[in-house]
>>> print(open('entry-v7.txt').read())   # compact mmCIF, C-alpha atoms
# COMPACT_ATOMS: atom_id res chain seq x y z
CA MET A 1 -26.06 -12.27 4.42
CA ARG A 2 -23.45 -12.21 1.72
CA THR A 3 -24.75 -12.41 -1.84
CA ASP A 4 -23.07 -13.77 -4.97
CA TRP A 5 -22.28 -12.19 -8.35
CA ASN A 6 -24.91 -14.36 -10.00
CA ASP A 7 -27.68 -13.32 -7.62
CA TYR A 8 -27.95 -10.20 -9.77
CA GLU A 9 -28.61 -9.27 -13.36
CA TRP A 10 -25.80 -6.83 -14.07
CA LYS A 11 -26.10 -3.79 -16.31
CA LEU A 12 -23.26 -2.98 -18.70
CA LEU A 13 -22.64 0.69 -19.47
CA ARG A 14 -20.30 1.57 -22.30
CA ASP A 15 -21.17 5.13 -23.24
CA GLY A 16 -19.28 7.88 -25.08
CA PRO A 17 -16.69 10.21 -23.55
CA GLN A 18 -17.47 12.33 -20.50
CA SER A 19 -15.46 15.11 -18.89
CA PRO A 20 -13.28 14.13 -15.91
CA GLN A 21 -15.59 16.02 -13.54
CA MET A 22 -18.63 14.18 -14.92
CA HIS A 23 -16.91 10.84 -14.35
CA MET A 24 -16.31 11.74 -10.70
CA ALA A 25 -19.96 12.78 -10.38
CA LEU A 26 -21.31 9.71 -12.17
CA ASP A 27 -19.40 7.46 -9.78
CA GLU A 28 -21.06 9.08 -6.78
CA ALA A 29 -24.53 9.24 -8.37
CA LEU A 30 -24.47 5.63 -9.57
CA THR A 31 -23.08 4.30 -6.29
CA TYR A 32 -26.00 5.80 -4.39
CA ALA A 33 -28.46 4.72 -7.12
CA VAL A 34 -27.33 1.09 -6.74
CA GLY A 35 -27.28 1.38 -2.94
CA SER A 36 -30.88 2.57 -2.90
CA GLY A 37 -32.04 -0.05 -5.40
CA LYS A 38 -32.92 2.50 -8.10
CA ARG A 39 -30.34 0.94 -10.44
CA PRO A 40 -29.32 -2.72 -10.67
CA PRO A 41 -25.64 -3.58 -10.05
CA THR A 42 -23.60 -2.16 -12.90
CA LEU A 43 -20.27 -2.38 -14.70
CA ARG A 44 -19.39 0.94 -16.33
CA ILE A 45 -16.56 1.40 -18.84
CA TRP A 46 -15.28 4.97 -18.95
CA GLU A 47 -14.25 7.00 -21.97
CA TRP A 48 -12.26 10.09 -21.09
CA GLY A 49 -13.16 13.40 -22.78
CA SER A 50 -9.91 15.15 -21.83
CA PRO A 51 -6.63 14.68 -19.91
CA ALA A 52 -6.71 14.73 -16.12
CA VAL A 53 -4.90 13.88 -12.95
CA VAL A 54 -7.37 12.07 -10.71
CA ILE A 55 -6.31 12.33 -7.09
CA GLY A 56 -7.56 10.27 -4.17
CA ARG A 57 -10.01 11.62 -1.60
CA TYR A 58 -7.24 12.18 0.97
CA GLN A 59 -4.44 13.48 -1.22
CA SER A 60 -3.08 17.01 -1.20
CA VAL A 61 -3.14 18.73 -4.60
CA ARG A 62 0.21 20.43 -4.14
CA ASN A 63 1.88 17.21 -3.05
CA GLU A 64 0.70 15.35 -6.14
CA VAL A 65 0.90 17.68 -9.15
CA ASP A 66 3.27 20.15 -10.72
CA PRO A 67 0.94 23.09 -11.42
CA GLU A 68 3.07 24.53 -14.20
CA ASN A 69 3.39 21.34 -16.21
CA LEU A 70 -0.25 20.52 -15.50
CA GLY A 71 -1.29 23.68 -17.35
CA ARG A 72 1.30 23.35 -20.06
CA TYR A 73 -0.01 19.93 -21.07
CA GLY A 74 -3.67 20.85 -20.69
CA PHE A 75 -4.48 18.63 -17.71
CA GLU A 76 -6.99 19.38 -14.97
CA VAL A 77 -7.06 18.03 -11.43
CA VAL A 78 -10.17 16.22 -10.26
CA ARG A 79 -10.74 14.56 -6.90
CA ARG A 80 -12.58 11.25 -6.61
CA ILE A 81 -14.59 9.99 -3.65
CA SER A 82 -12.37 6.98 -2.97
CA GLY A 83 -8.95 6.98 -1.34
CA GLY A 84 -5.74 5.83 -2.99
CA GLY A 85 -3.19 7.45 -5.25
CA ALA A 86 -3.03 9.82 -8.21
CA MET A 87 -3.87 8.59 -11.70
CA PHE A 88 -2.38 10.13 -14.82
CA ILE A 89 -5.03 10.07 -17.53
CA GLU A 90 -4.85 10.78 -21.24
CA PRO A 91 -7.81 9.72 -23.40
CA GLY A 92 -6.98 6.47 -25.16
CA ASN A 93 -4.10 5.65 -22.83
CA THR A 94 -6.04 4.02 -20.03
CA ILE A 95 -8.89 1.59 -19.59
CA THR A 96 -10.99 2.71 -16.64
CA TYR A 97 -14.04 0.96 -15.25
CA SER A 98 -16.31 1.06 -12.22
CA LEU A 99 -18.35 -1.62 -10.54
CA TYR A 100 -21.32 -0.56 -8.43
CA ALA A 101 -22.80 -3.32 -6.28
CA PRO A 102 -24.91 -3.73 -3.17
CA GLN A 103 -22.65 -3.90 -0.14
CA GLU A 104 -23.95 -7.41 0.58
CA LEU A 105 -21.73 -8.66 -2.25
CA VAL A 106 -18.64 -8.01 -0.10
CA GLN A 107 -20.30 -8.50 3.29
CA GLY A 108 -17.87 -9.60 5.97
CA MET A 109 -14.84 -9.30 3.69
CA SER A 110 -11.83 -7.27 4.69
CA PHE A 111 -10.92 -4.46 2.32
CA GLN A 112 -7.98 -6.48 1.12
CA GLU A 113 -10.19 -9.47 0.31
CA SER A 114 -12.82 -7.37 -1.42
CA TYR A 115 -10.30 -5.70 -3.75
CA ALA A 116 -9.17 -9.05 -5.13
CA PHE A 117 -12.74 -10.38 -5.18
CA MET A 118 -14.07 -7.51 -7.32
CA ASP A 119 -11.43 -8.08 -9.99
CA VAL A 120 -11.48 -11.87 -10.35
CA TRP A 121 -13.23 -11.47 -13.72
CA VAL A 122 -10.55 -9.02 -14.92
CA LEU A 123 -7.72 -11.41 -14.09
CA GLN A 124 -9.59 -14.04 -16.07
CA ALA A 125 -10.01 -11.67 -19.04
CA LEU A 126 -6.31 -10.75 -18.93
CA LYS A 127 -5.31 -14.42 -18.76
CA SER A 128 -7.41 -15.09 -21.86
CA LEU A 129 -5.26 -12.43 -23.55
CA GLY A 130 -2.13 -14.27 -22.51
CA ILE A 131 -1.21 -12.06 -19.55
CA GLU A 132 -0.30 -13.79 -16.31
CA ALA A 133 -2.03 -11.17 -14.20
CA SER A 134 -2.30 -11.41 -10.44
CA TYR A 135 -3.48 -9.30 -7.54
CA GLN A 136 -0.88 -7.55 -5.45
CA PRO A 137 -2.31 -6.35 -2.14
CA ILE A 138 -3.61 -3.90 -1.28
CA ASN A 139 -4.93 -2.62 -4.58
CA ASP A 140 -2.73 -3.36 -7.60
CA ILE A 141 -3.13 -5.67 -10.58
CA THR A 142 0.30 -6.75 -11.71
CA SER A 143 2.01 -9.08 -14.18
CA PRO A 144 5.49 -10.53 -14.56
CA GLY A 145 6.31 -7.57 -16.83
CA GLY A 146 5.13 -4.93 -14.35
CA LYS A 147 2.15 -3.20 -12.86
CA ILE A 148 -0.99 -3.05 -15.00
CA ALA A 149 -3.61 -1.33 -12.88
CA GLY A 150 -4.56 0.31 -9.60
CA ALA A 151 -7.93 -0.09 -7.89
CA ALA A 152 -9.80 1.95 -5.30
CA GLN A 153 -12.92 1.21 -3.30
CA THR A 154 -15.33 3.00 -1.11
CA ARG A 155 -18.53 1.90 0.58
CA ARG A 156 -21.39 4.42 0.56
CA GLY A 157 -25.15 4.43 0.91
CA GLY A 158 -25.44 0.64 1.05
CA ALA A 159 -23.26 0.10 -2.02
CA VAL A 160 -19.65 -0.67 -2.77
CA LEU A 161 -17.89 1.30 -5.51
CA HIS A 162 -14.86 -0.43 -6.99
CA HIS A 163 -13.06 1.45 -9.74
CA VAL A 164 -9.88 0.62 -11.58
CA THR A 165 -7.57 2.40 -13.97
CA MET A 166 -5.44 0.16 -16.18
CA ALA A 167 -2.51 1.39 -18.24
CA TYR A 168 -3.14 0.74 -21.94
CA ASP A 169 -0.36 2.97 -23.17
CA ILE A 170 1.64 5.52 -21.24
CA ASP A 171 3.77 8.60 -21.86
CA ALA A 172 6.03 8.01 -18.88
CA ALA A 173 8.13 11.11 -19.50
CA LYS A 174 5.10 13.37 -19.46
CA MET A 175 3.71 11.58 -16.41
CA THR A 176 6.80 12.27 -14.33
CA GLN A 177 6.59 15.95 -15.33
CA VAL A 178 2.94 16.31 -14.35
CA LEU A 179 2.94 14.17 -11.19
CA ARG A 180 5.20 14.93 -8.24
CA ILE A 181 6.80 11.84 -6.87
CA GLY A 182 8.36 12.22 -3.43
CA ARG A 183 11.29 10.28 -2.12
CA GLU A 184 9.46 8.85 0.90
CA LYS A 185 6.90 7.25 -1.41
CA LEU A 186 9.72 5.31 -3.02
CA SER A 187 11.15 4.18 0.29
CA ASP A 188 9.81 0.65 0.65
CA LYS A 189 9.76 -0.74 -2.87
CA GLY A 190 11.87 1.55 -4.94
CA GLN A 191 8.94 2.99 -6.84
CA THR A 192 5.73 4.86 -6.22
CA SER A 193 2.34 3.53 -7.21
CA ALA A 194 2.17 5.65 -10.34
CA GLN A 195 5.77 4.98 -11.27
CA LYS A 196 6.14 1.30 -10.44
CA ARG A 197 7.47 -0.34 -13.50
CA VAL A 198 4.33 -0.16 -15.57
CA ASP A 199 3.90 -2.63 -18.39
CA PRO A 200 0.93 -1.36 -20.32
CA LEU A 201 -1.64 -3.54 -22.05
CA ARG A 202 -0.81 -2.26 -25.50
CA SER A 203 2.69 -3.67 -25.53
CA GLN A 204 1.61 -6.80 -23.67
CA THR A 205 -1.28 -7.71 -25.98
CA GLY A 206 -0.55 -5.97 -29.28
CA LEU A 207 -4.31 -5.40 -29.50
CA PRO A 208 -6.23 -2.19 -30.09
CA ARG A 209 -7.68 -0.72 -26.92
CA ALA A 210 -11.29 -1.37 -27.99
CA GLU A 211 -10.52 -5.07 -28.44
CA VAL A 212 -9.09 -5.34 -24.94
CA ILE A 213 -12.27 -3.72 -23.60
CA ASP A 214 -14.41 -6.06 -25.74
CA ARG A 215 -12.64 -9.02 -24.17
CA MET A 216 -13.12 -7.65 -20.66
CA VAL A 217 -16.82 -6.94 -21.12
CA GLY A 218 -17.25 -10.27 -22.92
CA THR A 219 -15.61 -12.16 -20.06
CA PHE A 220 -17.78 -10.39 -17.50
CA ALA A 221 -20.92 -11.22 -19.50
CA GLU A 222 -19.91 -14.87 -19.83
CA LEU A 223 -19.41 -15.19 -16.09
CA HIS A 224 -22.38 -13.18 -14.85
CA PRO A 225 -25.91 -12.59 -16.15
CA SER A 226 -25.76 -9.15 -17.75
CA GLN A 227 -27.52 -6.81 -20.16
CA PRO A 228 -26.28 -3.76 -22.08
CA ASP A 229 -27.69 -0.53 -20.71
CA LYS A 230 -27.62 3.25 -21.21
CA LEU A 231 -27.35 6.02 -18.66
CA GLY A 232 -30.79 7.48 -17.96
CA GLU A 233 -31.47 11.19 -18.44
CA GLU A 234 -32.28 11.40 -14.72
CA GLU A 235 -28.89 9.89 -13.84
CA LEU A 236 -27.04 12.26 -16.17
CA GLU A 237 -28.93 15.19 -14.68
CA ALA A 238 -28.05 14.08 -11.14
CA ALA A 239 -24.39 13.88 -12.16
CA ARG A 240 -24.47 17.33 -13.81
CA GLU A 241 -25.91 18.72 -10.61
CA LEU A 242 -23.10 17.08 -8.61
CA VAL A 243 -20.52 18.68 -10.92
CA LYS A 244 -22.09 22.07 -10.15
CA THR A 245 -22.37 21.59 -6.40
CA LYS A 246 -19.36 19.38 -5.64
CA PHE A 247 -16.93 17.92 -8.14
CA GLY A 248 -16.46 21.11 -10.18
CA THR A 249 -15.97 23.35 -7.13
CA LYS A 250 -12.69 24.60 -5.68
CA GLU A 251 -14.04 23.67 -2.23
CA TRP A 252 -14.01 19.99 -3.20
CA ILE A 253 -10.95 19.83 -5.47
CA TYR A 254 -8.84 21.78 -2.97
CA ILE A 255 -10.44 20.32 0.17
CA ILE A 256 -6.84 19.31 0.91
CA PRO A 257 -4.80 22.00 -0.85
CA MET B 1 6.47 22.05 8.38
CA HIS B 2 6.13 18.85 6.47
CA GLY B 3 6.64 15.18 7.33
CA GLU B 4 6.06 11.96 5.41
CA TYR B 5 6.03 8.30 6.33
CA LYS B 6 5.25 5.29 4.21
CA THR B 7 4.14 2.14 5.96
CA PRO B 8 6.16 -0.71 4.42
CA GLY B 9 3.82 -2.54 2.02
CA GLY B 10 1.20 0.11 2.74
CA LYS B 11 0.42 3.71 1.98
CA LEU B 12 1.99 7.14 2.35
CA VAL B 13 0.97 9.47 5.19
CA VAL B 14 1.81 13.17 4.85
CA VAL B 15 1.51 15.70 7.66
CA ASP B 16 1.67 19.46 7.24
CA LEU B 17 1.57 21.62 10.38
CA GLU B 18 2.70 24.77 12.13
CA VAL B 19 3.96 25.18 15.69
CA ARG B 20 2.81 28.14 17.75
CA ASP B 21 3.57 28.58 21.46
CA GLY B 22 4.86 25.02 21.56
CA LYS B 23 1.62 23.54 20.20
CA LEU B 24 0.66 21.93 16.88
CA ARG B 25 -1.52 24.19 14.73
CA GLN B 26 -3.15 23.93 11.31
CA VAL B 27 -2.52 20.21 11.20
CA GLN B 28 -3.39 18.58 7.88
CA VAL B 29 -3.01 14.84 7.36
CA SER B 30 -3.09 13.60 3.76
CA GLY B 31 -1.89 10.66 1.67
CA ASP B 32 -2.81 7.83 -0.69
CA PHE B 33 -4.37 5.70 2.05
CA PHE B 34 -7.93 4.40 2.29
CA LEU B 35 -10.15 5.53 5.15
CA GLU B 36 -13.81 4.96 5.97
CA PRO B 37 -15.86 6.92 6.78
CA GLU B 38 -14.38 9.99 5.10
CA GLU B 39 -15.26 12.32 8.01
CA THR B 40 -12.65 10.49 10.09
CA LEU B 41 -9.91 12.60 8.49
CA ASP B 42 -11.31 15.80 10.04
CA ALA B 43 -11.48 14.05 13.41
CA ILE B 44 -7.83 13.02 13.10
CA ASN B 45 -6.77 16.58 12.22
CA ARG B 46 -8.73 17.92 15.19
CA ALA B 47 -7.20 15.32 17.53
CA LEU B 48 -3.71 16.48 16.59
CA GLU B 49 -4.52 20.20 16.77
CA GLY B 50 -3.15 21.74 19.97
CA LEU B 51 -0.99 18.78 21.02
CA SER B 52 2.33 19.75 22.55
CA ALA B 53 5.17 19.86 20.04
CA ASP B 54 7.12 17.78 22.59
CA SER B 55 4.65 14.85 22.42
CA ASP B 56 6.31 11.52 21.74
CA GLU B 57 5.16 9.00 19.14
CA PRO B 58 3.14 6.75 21.48
CA SER B 59 1.15 9.65 22.88
CA ILE B 60 0.48 11.11 19.41
CA ALA B 61 -0.66 7.67 18.22
CA GLU B 62 -2.90 7.36 21.28
CA SER B 63 -4.56 10.71 20.50
CA VAL B 64 -5.29 9.50 16.96
CA ARG B 65 -6.48 6.09 18.12
CA ARG B 66 -9.10 7.69 20.35
CA VAL B 67 -10.88 9.17 17.31
CA THR B 68 -10.37 6.28 14.87
CA GLU B 69 -12.09 3.56 16.90
CA GLY B 70 -14.76 2.04 14.66
CA ALA B 71 -13.22 3.61 11.54
CA GLU B 72 -11.38 1.57 8.92
CA LEU B 73 -7.78 2.57 8.20
CA ILE B 74 -6.34 0.67 5.24
CA GLY B 75 -2.64 0.87 4.47
CA PHE B 76 -1.77 3.06 7.46
CA SER B 77 -2.29 3.35 11.23
CA PRO B 78 -2.30 5.80 14.15
CA GLU B 79 1.38 4.90 14.61
CA ALA B 80 2.18 5.83 10.99
CA ILE B 81 0.55 9.22 11.50
CA ALA B 82 2.59 9.70 14.67
CA VAL B 83 5.83 8.99 12.79
CA ALA B 84 4.88 11.53 10.09
CA VAL B 85 4.06 14.14 12.79
CA ARG B 86 7.41 13.59 14.53
CA ARG B 87 9.20 13.87 11.18
CA ALA B 88 7.43 17.16 10.47
CA LEU B 89 8.68 18.41 13.84
CA ALA B 90 12.23 17.15 13.41
>>> encode(input="entry-v7.txt", output="structure tokens")
Amino acid sequence: MRTDWNDYEWKLLRDGPQSPQMHMALDEALTYAVGSGKRPPTLRIWEWGSPAVVIGRYQSVRNEVDPENLGRYGFEVVRRISGGGAMFIEPGNTITYSLYAPQELVQGMSFQESYAFMDVWVLQALKSLGIEASYQPINDITSPGGKIAGAAQTRRGGAVLHHVTMAYDIDAAKMTQVLRIGREKLSDKGQTSAQKRVDPLRSQTGLPRAEVIDRMVGTFAELHPSQPDKLGEEELEAARELVKTKFGTKEWIYIIP
Amino acid sequence: MHGEYKTPGGKLVVVDLEVRDGKLRQVQVSGDFFLEPEETLDAINRALEGLSADSDEPSIAESVRRVTEGAELIGFSPEAIAVAVRRALA
């Protein structure tokens, strides 16, 4: 049977910066922890420790990044467990979050429906900041000024992972040097996912990044029963182990070279 | 050899392959699509491996469809993969 947001007491995680590989690992570890019932459903706000290109589970490294510029600007490539497109990350320039929930929350929904469903609270938070945000299928959050965010989902171990990267500020020139954008990708709408006219939250709100996050977390907490939380040592250890055995290995990052 | 196809309103499918003795070899499908479960990608690559380089789009799509029954393909389709394969061969 399908459950509702308010059938759960949500945990809110807003910890300090982690390395890109640790973020990939935490997403897997926490998804399985929520799926097995070890951890209640959780909203996690990410802080990035260093620059990265995060590619989707099914993307080819050489199709997505320019290796020379990647090194020159100090970026690393990490691969996440969900599908979707490449994300260009510099600390302080994006707002990234994950939701981990029992799969029952999206039971019977199509993927398209569940993307919009998992971000209803975000649209509400953005509207409270004066942004007329809407969902653009399959997985974009957009506004009259341009694209704001891209989402990705995967369903594992009885849980759904929904994570989103929003543009807070963006160095578009650097992005186009680090990411490779093919012509075919531009074929149907003139722009690729990463390059669609992005209208970042900084220029749209005029607010510091932390205040935008405060509003998002505040909106979530108003809508759904929730409690602040910290990552447990056991969870951090599980994630460190996953960095060693999976997310930090060439076998995973270059699983599609 | 390299082919790409973007489903209008959907996602990009990329195919890299070689042709040896008239057959597809070292086929690798990639892209910014969504696919569950993740193992399905290996099954798709295997289904394309060894197909005749003369195969037409419908028969390529049929080979893919046989191994994607029960899987969820979001933003692309067996037909989209077939177009990318044909473009790689063109």
>>> residues_near_point(input="entry-v7.txt", point="(-24.5, 7.7, -5.1)", cutoff="10 Å", atoms="only C-alpha atoms", output="MDAnalysis selection string")
chainID A and resid 25:36 100 156:161 238:239
>>> residues_around(input="entry-v7.txt", residues="Leu41 (chain B)", least_positions_apart="6", cutoff="12 Å", atoms="only C-alpha atoms", output="PyMOL selection string")
(chain A and resi 57-59+83+255-256) or (chain B and resi 13+15+27-31+33-35+47-48+64+67-68+71-73+78+81)
>>> closest_residue(input="entry-v7.txt", among="A:Ser82, A:Asn6, A:Thr245, A:Thr165", to="Ile95 (chain A)", atoms="all atoms listed in the file")
A:Thr165
>>> atom_distance(input="entry-v7.txt", atom1="CA of Val212 (chain A)", atom2="CA of Val78 (chain A)")
26.1 Å
>>> atom_distance(input="entry-v7.txt", atom1="CA of Glu76 (chain A)", atom2="CA of Val53 (chain A)")
6.2 Å
>>> closest_residue(input="entry-v7.txt", among="A:Arg14, A:Arg2, A:Arg155, A:His23", to="chain B", atoms="all atoms listed in the file")
A:Arg155
>>> residues_around(input="entry-v7.txt", residues="Val14 (chain B)", least_positions_apart="5", cutoff="12 Å", atoms="all atoms listed in the file", output="ChimeraX atom specification")
/A:58-60,62-64,182,184-185,256 /B:1-7,27-33,45,76,80-88
>>> closest_residue(input="entry-v7.txt", among="B:Glu49, B:Glu18, B:Glu69, B:Glu38", to="chain A", atoms="all atoms listed in the file")
B:Glu38
>>> residues_around(input="entry-v7.txt", residues="Gln136 (chain A)", least_positions_apart="5", cutoff="10 Å", atoms="all atoms listed in the file", output="mmCIF file with C-alpha atoms, in the frame of the given file")
data_model
loop_
_atom_site.group_PDB
_atom_site.id
_atom_site.type_symbol
_atom_site.label_atom_id
_atom_site.label_comp_id
_atom_site.auth_asym_id
_atom_site.auth_seq_id
_atom_site.Cartn_x
_atom_site.Cartn_y
_atom_site.Cartn_z
ATOM 1 C CA GLN A 112 -7.980 -6.480 1.120
ATOM 2 C CA TYR A 115 -10.300 -5.700 -3.750
ATOM 3 C CA ALA A 116 -9.170 -9.050 -5.130
ATOM 4 C CA ILE A 141 -3.130 -5.670 -10.580
ATOM 5 C CA THR A 142 0.300 -6.750 -11.710
ATOM 6 C CA SER A 143 2.010 -9.080 -14.180
ATOM 7 C CA LYS A 147 2.150 -3.200 -12.860
ATOM 8 C CA GLY A 150 -4.560 0.310 -9.600
#
>>> residues_near_point(input="entry-v7.txt", point="(1.5, 21.7, -8.2)", cutoff="12 Å", atoms="only C-alpha atoms", output="list in words")
Val53, Ser60, Val61, Arg62, Asn63, Glu64, Val65, Asp66, Pro67, Glu68, Asn69, Leu70, Gly71, Arg72, Phe75, Glu76, Val77, Gln177, Val178, Leu179, Arg180, Ile181, Tyr254 and Pro257 of chain A
>>> atom_distance(input="entry-v7.txt", atom1="CA of Leu236 (chain A)", atom2="CA of Gln18 (chain A)")
10.5 Å
>>> decode(input="entry-v7.txt", residues="region 105-133 of chain A", atoms="N, CA and C atoms", output="PDB file, in the first residue's frame")
ATOM      1  N   LEU A 105       6.432   4.886  -0.394  1.00  0.00           N
ATOM      2  CA  LEU A 105       6.039   6.289  -0.567  1.00  0.00           C
ATOM      3  C   LEU A 105       5.701   6.600  -2.030  1.00  0.00           C
ATOM      4  N   VAL A 106       6.329   5.872  -2.959  1.00  0.00           N
ATOM      5  CA  VAL A 106       6.066   6.137  -4.378  1.00  0.00           C
ATOM      6  C   VAL A 106       5.442   4.919  -5.066  1.00  0.00           C
ATOM      7  N   GLN A 107       4.892   4.036  -4.250  1.00  0.00           N
ATOM      8  CA  GLN A 107       4.283   2.791  -4.754  1.00  0.00           C
ATOM      9  C   GLN A 107       3.271   3.063  -5.869  1.00  0.00           C
ATOM     10  N   GLY A 108       3.431   2.364  -6.959  1.00  0.00           N
ATOM     11  CA  GLY A 108       2.449   2.458  -8.039  1.00  0.00           C
ATOM     12  C   GLY A 108       2.617   3.694  -8.903  1.00  0.00           C
ATOM     13  N   MET A 109       3.543   4.578  -8.545  1.00  0.00           N
ATOM     14  CA  MET A 109       3.750   5.777  -9.380  1.00  0.00           C
ATOM     15  C   MET A 109       4.710   5.452 -10.509  1.00  0.00           C
ATOM     16  N   SER A 110       4.474   6.082 -11.651  1.00  0.00           N
ATOM     17  CA  SER A 110       5.470   5.998 -12.718  1.00  0.00           C
ATOM     18  C   SER A 110       6.684   6.803 -12.281  1.00  0.00           C
ATOM     19  N   PHE A 111       7.810   6.587 -12.953  1.00  0.00           N
ATOM     20  CA  PHE A 111       8.995   7.370 -12.631  1.00  0.00           C
ATOM     21  C   PHE A 111       8.705   8.855 -12.787  1.00  0.00           C
ATOM     22  N   GLN A 112       8.026   9.188 -13.867  1.00  0.00           N
ATOM     23  CA  GLN A 112       7.738  10.591 -14.123  1.00  0.00           C
ATOM     24  C   GLN A 112       6.939  11.219 -12.980  1.00  0.00           C
ATOM     25  N   GLU A 113       5.917  10.472 -12.517  1.00  0.00           N
ATOM     26  CA  GLU A 113       5.110  10.985 -11.402  1.00  0.00           C
ATOM     27  C   GLU A 113       5.945  11.119 -10.137  1.00  0.00           C
ATOM     28  N   SER A 114       6.804  10.126  -9.882  1.00  0.00           N
ATOM     29  CA  SER A 114       7.517  10.145  -8.607  1.00  0.00           C
ATOM     30  C   SER A 114       8.576  11.252  -8.561  1.00  0.00           C
ATOM     31  N   TYR A 115       9.130  11.631  -9.710  1.00  0.00           N
ATOM     32  CA  TYR A 115      10.067  12.765  -9.705  1.00  0.00           C
ATOM     33  C   TYR A 115       9.367  14.022  -9.197  1.00  0.00           C
ATOM     34  N   ALA A 116       8.235  14.345  -9.792  1.00  0.00           N
ATOM     35  CA  ALA A 116       7.532  15.563  -9.398  1.00  0.00           C
ATOM     36  C   ALA A 116       7.067  15.473  -7.949  1.00  0.00           C
ATOM     37  N   PHE A 117       6.592  14.282  -7.558  1.00  0.00           N
ATOM     38  CA  PHE A 117       6.078  14.069  -6.202  1.00  0.00           C
ATOM     39  C   PHE A 117       7.148  14.333  -5.142  1.00  0.00           C
ATOM     40  N   MET A 118       8.370  13.888  -5.396  1.00  0.00           N
ATOM     41  CA  MET A 118       9.431  14.002  -4.387  1.00  0.00           C
ATOM     42  C   MET A 118       9.910  15.444  -4.222  1.00  0.00           C
ATOM     43  N   ASP A 119       9.561  16.303  -5.144  1.00  0.00           N
ATOM     44  CA  ASP A 119      10.037  17.689  -5.060  1.00  0.00           C
ATOM     45  C   ASP A 119       8.927  18.719  -4.858  1.00  0.00           C
ATOM     46  N   VAL A 120       7.732  18.261  -4.493  1.00  0.00           N
ATOM     47  CA  VAL A 120       6.637  19.207  -4.250  1.00  0.00           C
ATOM     48  C   VAL A 120       7.044  20.249  -3.203  1.00  0.00           C
ATOM     49  N   TRP A 121       7.699  19.775  -2.144  1.00  0.00           N
ATOM     50  CA  TRP A 121       8.110  20.677  -1.057  1.00  0.00           C
ATOM     51  C   TRP A 121       9.129  21.716  -1.542  1.00  0.00           C
ATOM     52  N   VAL A 122       9.988  21.329  -2.498  1.00  0.00           N
ATOM     53  CA  VAL A 122      11.004  22.259  -3.009  1.00  0.00           C
ATOM     54  C   VAL A 122      10.337  23.363  -3.820  1.00  0.00           C
ATOM     55  N   LEU A 123       9.362  22.972  -4.650  1.00  0.00           N
ATOM     56  CA  LEU A 123       8.655  23.986  -5.439  1.00  0.00           C
ATOM     57  C   LEU A 123       7.989  24.987  -4.496  1.00  0.00           C
ATOM     58  N   GLN A 124       7.449  24.466  -3.400  1.00  0.00           N
ATOM     59  CA  GLN A 124       6.806  25.345  -2.433  1.00  0.00           C
ATOM     60  C   GLN A 124       7.833  26.294  -1.790  1.00  0.00           C
ATOM     61  N   ALA A 125       9.003  25.750  -1.441  1.00  0.00           N
ATOM     62  CA  ALA A 125      10.056  26.587  -0.848  1.00  0.00           C
ATOM     63  C   ALA A 125      10.503  27.661  -1.840  1.00  0.00           C
ATOM     64  N   LEU A 126      10.659  27.273  -3.111  1.00  0.00           N
ATOM     65  CA  LEU A 126      11.107  28.243  -4.119  1.00  0.00           C
ATOM     66  C   LEU A 126      10.048  29.313  -4.330  1.00  0.00           C
ATOM     67  N   LYS A 127       8.773  28.900  -4.307  1.00  0.00           N
ATOM     68  CA  LYS A 127       7.697  29.886  -4.484  1.00  0.00           C
ATOM     69  C   LYS A 127       7.697  30.891  -3.340  1.00  0.00           C
ATOM     70  N   SER A 128       8.014  30.409  -2.123  1.00  0.00           N
ATOM     71  CA  SER A 128       8.063  31.316  -0.976  1.00  0.00           C
ATOM     72  C   SER A 128       9.224  32.306  -1.105  1.00  0.00           C
ATOM     73  N   LEU A 129      10.173  31.987  -1.988  1.00  0.00           N
ATOM     74  CA  LEU A 129      11.279  32.911  -2.258  1.00  0.00           C
ATOM     75  C   LEU A 129      10.998  33.762  -3.502  1.00  0.00           C
ATOM     76  N   GLY A 130       9.787  33.633  -4.019  1.00  0.00           N
ATOM     77  CA  GLY A 130       9.392  34.463  -5.144  1.00  0.00           C
ATOM     78  C   GLY A 130       9.730  33.884  -6.504  1.00  0.00           C
ATOM     79  N   ILE A 131      10.097  32.590  -6.543  1.00  0.00           N
ATOM     80  CA  ILE A 131      10.441  31.972  -7.827  1.00  0.00           C
ATOM     81  C   ILE A 131       9.274  31.106  -8.295  1.00  0.00           C
ATOM     82  N   GLU A 132       8.813  31.369  -9.507  1.00  0.00           N
ATOM     83  CA  GLU A 132       7.715  30.579 -10.057  1.00  0.00           C
ATOM     84  C   GLU A 132       8.260  29.270 -10.620  1.00  0.00           C
ATOM     85  N   ALA A 133       8.659  28.389  -9.725  1.00  0.00           N
ATOM     86  CA  ALA A 133       9.289  27.136 -10.142  1.00  0.00           C
ATOM     87  C   ALA A 133       8.243  26.109 -10.538  1.00  0.00           C
TER      88      ALA A 133
END
